[in-house]
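Structure file start01.tsv with TSV, C-alpha atoms:
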chain	number	residue	atom	x	y	z
A	1	MET	CA	-28.96	-12.64	3.84
A	2	LYS	CA	-26.03	-12.20	1.50
A	3	GLY	CA	-27.55	-9.58	-0.78
A	4	ASN	CA	-28.79	-7.34	2.04
A	5	THR	CA	-25.55	-6.87	3.96
A	6	ILE	CA	-24.80	-3.22	4.72
A	7	CYS	CA	-21.09	-2.44	4.80
A	8	PRO	CA	-19.72	0.53	6.74
A	9	PRO	CA	-17.99	3.30	4.76
A	10	TYR	CA	-14.49	2.33	5.90
A	11	ALA	CA	-12.13	-0.57	5.39
A	12	LEU	CA	-14.02	-3.83	4.93
A	13	GLN	CA	-11.49	-5.83	6.88
A	14	ARG	CA	-8.12	-5.21	8.49
A	15	GLU	CA	-5.76	-7.81	9.83
A	16	GLU	CA	-2.36	-7.56	11.47
A	17	VAL	CA	-0.20	-10.68	11.59
A	18	GLY	CA	3.10	-11.40	13.35
A	19	GLY	CA	3.47	-8.13	15.18
A	20	SER	CA	5.84	-9.33	17.89
A	21	ARG	CA	9.62	-9.36	17.90
A	22	GLY	CA	11.15	-12.72	17.30
A	23	THR	CA	8.45	-13.93	14.94
A	24	ARG	CA	10.27	-15.91	12.29
A	25	ALA	CA	9.50	-14.98	8.72
A	26	GLN	CA	9.00	-17.79	6.30
A	27	GLY	CA	11.37	-16.95	3.49
A	28	GLY	CA	11.71	-13.30	4.57
A	29	PRO	CA	15.08	-11.61	3.97
A	30	SER	CA	15.69	-10.48	7.55
A	31	GLY	CA	14.15	-13.13	9.76
A	32	LEU	CA	11.56	-10.76	11.33
A	33	ARG	CA	8.27	-10.05	9.62
A	34	LYS	CA	5.09	-8.15	10.40
A	35	ARG	CA	2.16	-8.02	8.02
A	36	TYR	CA	-0.94	-5.89	7.62
A	37	VAL	CA	-3.75	-6.56	5.14
A	38	ALA	CA	-6.80	-4.36	4.57
A	39	SER	CA	-9.69	-4.72	2.14
A	40	VAL	CA	-10.64	-1.15	1.28
A	41	TYR	CA	-13.62	0.28	-0.57
A	42	ARG	CA	-12.59	1.75	-3.93
A	43	GLN	CA	-13.56	5.30	-3.02
A	44	PRO	CA	-11.25	8.36	-3.12
A	45	HIS	CA	-11.69	9.29	0.56
A	46	MET	CA	-10.41	5.84	1.57
A	47	VAL	CA	-6.88	6.69	0.42
A	48	GLY	CA	-6.43	9.23	3.21
A	49	ARG	CA	-8.02	6.95	5.80
A	50	GLU	CA	-5.70	4.08	4.95
A	51	ARG	CA	-2.67	6.38	4.89
A	52	ARG	CA	-3.52	7.47	8.44
A	53	ALA	CA	-4.07	3.83	9.52
A	54	VAL	CA	-0.68	2.86	8.05
A	55	ARG	CA	1.04	5.77	9.87
A	56	VAL	CA	-0.36	4.49	13.20
A	57	LEU	CA	0.67	0.94	12.30
A	58	LEU	CA	4.25	1.94	11.43
A	59	ARG	CA	4.56	3.75	14.78
A	60	LYS	CA	3.23	0.67	16.56
A	61	TRP	CA	5.80	-1.45	14.74
A	62	GLY	CA	8.57	0.99	15.70
A	63	VAL	CA	9.51	1.93	12.15
A	64	ALA	CA	11.95	4.85	12.11
A	65	PRO	CA	13.40	7.23	11.03
A	66	GLU	CA	10.66	9.57	9.89
A	67	PRO	CA	11.89	9.83	6.25
A	68	SER	CA	11.25	6.09	5.90
A	69	VAL	CA	7.72	6.49	7.26
A	70	ASP	CA	7.05	9.43	4.93
A	71	ALA	CA	8.31	7.47	1.92
A	72	VAL	CA	6.04	4.52	2.78
A	73	LEU	CA	3.03	6.81	3.23
A	74	ILE	CA	3.60	8.49	-0.13
A	75	VAL	CA	3.94	5.13	-1.88
A	76	VAL	CA	0.78	3.83	-0.15
A	77	SER	CA	-1.10	6.95	-1.27
A	78	GLU	CA	0.07	6.74	-4.87
A	79	LEU	CA	-0.56	3.01	-5.33
A	80	LEU	CA	-3.96	3.20	-3.63
A	81	SER	CA	-4.92	6.29	-5.64
A	82	ASN	CA	-4.15	4.50	-8.91
A	83	ALA	CA	-6.16	1.48	-7.83
A	84	VAL	CA	-9.11	3.69	-6.87
A	85	LEU	CA	-8.94	5.64	-10.14
A	86	TYR	CA	-8.36	2.78	-12.56
A	87	GLY	CA	-9.62	-0.38	-10.86
A	88	THR	CA	-13.09	-1.72	-11.52
A	89	ALA	CA	-13.82	-3.89	-8.47
A	90	ASP	CA	-15.78	-2.57	-5.47
A	91	PHE	CA	-12.73	-2.83	-3.22
A	92	VAL	CA	-8.95	-3.08	-3.35
A	93	VAL	CA	-6.58	-4.96	-1.04
A	94	LEU	CA	-3.65	-3.19	0.61
A	95	SER	CA	-0.86	-5.35	2.05
A	96	ILE	CA	2.10	-4.05	4.03
A	97	THR	CA	4.93	-6.42	4.92
A	98	CYS	CA	7.63	-5.12	7.24
A	99	THR	CA	10.93	-6.86	7.82
A	100	GLN	CA	13.87	-5.56	9.79
A	101	HIS	CA	15.27	-3.66	6.79
A	102	GLU	CA	12.44	-3.00	4.36
A	103	ILE	CA	8.74	-2.48	3.84
A	104	ARG	CA	6.88	-3.92	0.88
A	105	ILE	CA	3.64	-2.26	-0.14
A	106	GLU	CA	1.23	-4.16	-2.40
A	107	VAL	CA	-2.09	-2.97	-3.76
A	108	ASP	CA	-4.36	-5.46	-5.52
A	109	ASP	CA	-6.98	-3.61	-7.55
A	110	ARG	CA	-8.52	-6.94	-8.59
A	111	THR	CA	-8.54	-5.70	-12.20
A	112	PRO	CA	-6.36	-7.69	-14.62
A	113	GLY	CA	-4.46	-5.50	-17.02
A	114	GLU	CA	-1.12	-3.99	-17.80
A	115	TRP	CA	1.12	-1.86	-15.63
A	116	PRO	CA	0.39	1.77	-16.46
A	117	ALA	CA	2.95	3.30	-18.78
A	118	ARG	CA	5.22	5.84	-17.14
A	119	ILE	CA	4.77	9.20	-18.74
A	120	CYS	CA	6.75	12.42	-18.66
A	121	PRO	CA	4.23	15.02	-17.55
A	122	ALA	CA	4.66	18.61	-18.64
A	123	ASP	CA	5.58	21.16	-15.96
A	124	ASP	CA	2.00	22.42	-15.76
A	125	ASP	CA	0.28	18.99	-15.79
A	126	GLU	CA	-1.70	18.31	-12.61
A	127	ASN	CA	-1.50	14.51	-12.93
A	128	GLY	CA	0.92	11.83	-14.06
A	129	ARG	CA	3.62	11.93	-11.39
A	130	GLY	CA	2.35	9.36	-8.89
A	131	LEU	CA	4.10	6.25	-10.20
A	132	LEU	CA	7.27	8.24	-10.90
A	133	LEU	CA	7.26	9.46	-7.31
A	134	ALA	CA	6.57	5.97	-5.92
A	135	ALA	CA	9.41	4.52	-8.02
A	136	ALA	CA	11.81	7.27	-6.90
A	137	LEU	CA	11.10	6.51	-3.22
A	138	SER	CA	11.44	2.73	-3.67
A	139	VAL	CA	14.38	0.43	-4.18
A	140	ALA	CA	12.19	-1.78	-6.36
A	141	SER	CA	8.69	-1.64	-7.82
A	142	GLY	CA	6.61	-3.52	-10.32
A	143	VAL	CA	3.39	-5.29	-11.09
A	144	SER	CA	2.22	-8.89	-10.95
A	145	GLU	CA	2.18	-10.94	-14.11
A	146	ASP	CA	-1.62	-10.66	-14.42
A	147	GLY	CA	-1.56	-6.91	-13.78
A	148	THR	CA	-3.70	-6.95	-10.65
A	149	VAL	CA	-1.06	-6.17	-8.01
A	150	ALA	CA	1.22	-3.12	-8.03
A	151	TRP	CA	4.04	-3.21	-5.48
A	152	SER	CA	6.97	-1.18	-4.18
A	153	THR	CA	9.69	-1.85	-1.64
A	154	VAL	CA	11.06	0.91	0.61
A	155	VAL	CA	14.24	0.45	2.63
A	156	ILE	CA	13.94	1.43	6.29
A	157	GLY	CA	16.43	4.02	7.46
A	158	GLN	CA	17.54	5.00	3.98
A	159	THR	CA	16.43	8.21	2.34
A	160	PRO	CA	16.21	8.08	-1.44

Please render this file's structure as structure tokens.
Amino acid sequence: MKGNTICPPYALQREEVGGSRGTRAQGGPSGLRKRYVASVYRQPHMVGRERRAVRVLLRKWGVAPEPSVDAVLIVVSELLSNAVLYGTADFVVLSITCTQHEIRIEVDDRTPGEWPARICPADDDENGRGLLLAAALSVASGVSEDGTVAWSTVVIGQTP
């Protein structure tokens, strides 16, 4: 009964891979890798829910110090918020990859297009700072060639 499936109002699917020490990364920069993937409904309230889920996950993985965790959570919020606001699919995919020295956040909004232009918001503008903030907290950021995946990399233990 494909058309009659009722989905709960939370993440469609979450998966954690390679969460134990000593797991060898395939091509990872540090040799250790943990990965989290969640398919999330494209609804504004899901941003906060996923941010909380990622905070719990980072604690479980032992990510410290707190400024690194805060930076990751802000980047997750900003990338997910953009996907929720500007994507057109019913859900987006959040991927978190953690190595010994960095965390890569990817959000696939499943909507081909161009990377949003960075703007210089006026002092009294209420919007327009999210990607600037994400870029400031990251050592690298960008978008996939087809425009569906926005990503940022945050270094663990380094405050921007």

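Between atom CA of A:Arg55 and atom CA of A:Ser138 lies a distance of 17.3 Å.
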
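Comparing the minimum interatomic distances between A:Asp108 and each of A:Val149, A:Leu132, A:Ala83, A:Ala53, counting all atoms listed in the file, we find that A:Val149 sits nearest.
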
Find the residues around A:Thr153 up to 6 Å (all atoms listed in the file counted), leave out those fewer than 3 positions away in its own chain, and share them as a JSON list (two decimals) with C-alpha atoms, in the frame of the given file.
[["chain", "number", "residue", "atom", "x", "y", "z"],
["A", 103, "ILE", "CA", 8.74, -2.48, 3.84],
["A", 104, "ARG", "CA", 6.88, -3.92, 0.88],
["A", 138, "SER", "CA", 11.44, 2.73, -3.67],
["A", 139, "VAL", "CA", 14.38, 0.43, -4.18],
["A", 140, "ALA", "CA", 12.19, -1.78, -6.36]]

query: atom CA of A:Asp109 to atom CA of A:Arg35: how many Å, to one decimal?
result: 18.6 Å

query: Which residue gives the smallest distance to A:Leu58 among A:Val84, A:Val72, A:Val107, A:Val143, with all atoms listed in the file counted?
result: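 Of A:Val84, A:Val72, A:Val107, A:Val143, the one nearest A:Leu58 is A:Val72, counting all atoms listed in the file.
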
Counting only C-alpha atoms, the option among A:Glu126, A:Gly87, A:Gln43, A:Leu79 closest to A:Ser141: A:Leu79

message: I'd like to know which of A:Ile105, A:Leu80, A:Leu137, A:Ala64 is closest to A:Ser152, using all atoms listed in the file.
response: A:Ile105

query: Excluding same-chain residues fewer than 3 positions from stretch 144-147 of chain A, what lies within 9 Å of it counting all atoms listed in the file, as a VMD selection string?
result: chain A and resid 108 to 115 150 to 151

query: Using only C-alpha atoms, which of the listed residues (A:Asp90, A:Glu78, A:Glu50, A:Glu102) sits closest to A:Val37?
result: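 Residue with the minimum atom-to-atom distance to A:Val37: A:Glu50.
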
- request: Between A:Leu131, A:Val75, A:Thr97, A:Tyr86, single out the one closest to A:Thr148, counting only C-alpha atoms.
  value: A:Tyr86

- request: For atom CA of A:Val56 and atom CA of A:Leu94, quote the distance in Å rounded to one decimal.
  value: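 Spanning atom CA of A:Val56 to atom CA of A:Leu94 is a straight-line distance of 15.1 Å.
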
query: Leaving out A:Met46 and any residue of its chain fewer than 3 positions from it, which residues lie within 12 Å of it when counting all atoms listed in the file, given as an NGL selection string?
result: :A and (8-12 or 38-43 or 49-53 or 76-77 or 80-81 or 83-85 or 91-94)

Take the selection from the previous step and output its residues with C-alpha atoms, as a compact mmCIF listing (two decimals), keeping the file's coordinate frame.
# COMPACT_ATOMS: atom_id res chain seq x y z
CA PRO A 8 -19.72 0.53 6.74
CA PRO A 9 -17.99 3.30 4.76
CA TYR A 10 -14.49 2.33 5.90
CA ALA A 11 -12.13 -0.57 5.39
CA LEU A 12 -14.02 -3.83 4.93
CA ALA A 38 -6.80 -4.36 4.57
CA SER A 39 -9.69 -4.72 2.14
CA VAL A 40 -10.64 -1.15 1.28
CA TYR A 41 -13.62 0.28 -0.57
CA ARG A 42 -12.59 1.75 -3.93
CA GLN A 43 -13.56 5.30 -3.02
CA ARG A 49 -8.02 6.95 5.80
CA GLU A 50 -5.70 4.08 4.95
CA ARG A 51 -2.67 6.38 4.89
CA ARG A 52 -3.52 7.47 8.44
CA ALA A 53 -4.07 3.83 9.52
CA VAL A 76 0.78 3.83 -0.15
CA SER A 77 -1.10 6.95 -1.27
CA LEU A 80 -3.96 3.20 -3.63
CA SER A 81 -4.92 6.29 -5.64
CA ALA A 83 -6.16 1.48 -7.83
CA VAL A 84 -9.11 3.69 -6.87
CA LEU A 85 -8.94 5.64 -10.14
CA PHE A 91 -12.73 -2.83 -3.22
CA VAL A 92 -8.95 -3.08 -3.35
CA VAL A 93 -6.58 -4.96 -1.04
CA LEU A 94 -3.65 -3.19 0.61

Each stretch 137-158 of chain A residue no farther than 12 Å from stretch 59-63 of chain A, nearest pair in Å, only C-alpha atoms, as CSV:
residue,atom,partner,partner_atom,distance
A:Val154,CA,A:Val63,CA,11.7
A:Val155,CA,A:Val63,CA,10.7
A:Ile156,CA,A:Val63,CA,7.4
A:Gly157,CA,A:Val63,CA,8.6
A:Gln158,CA,A:Val63,CA,11.9
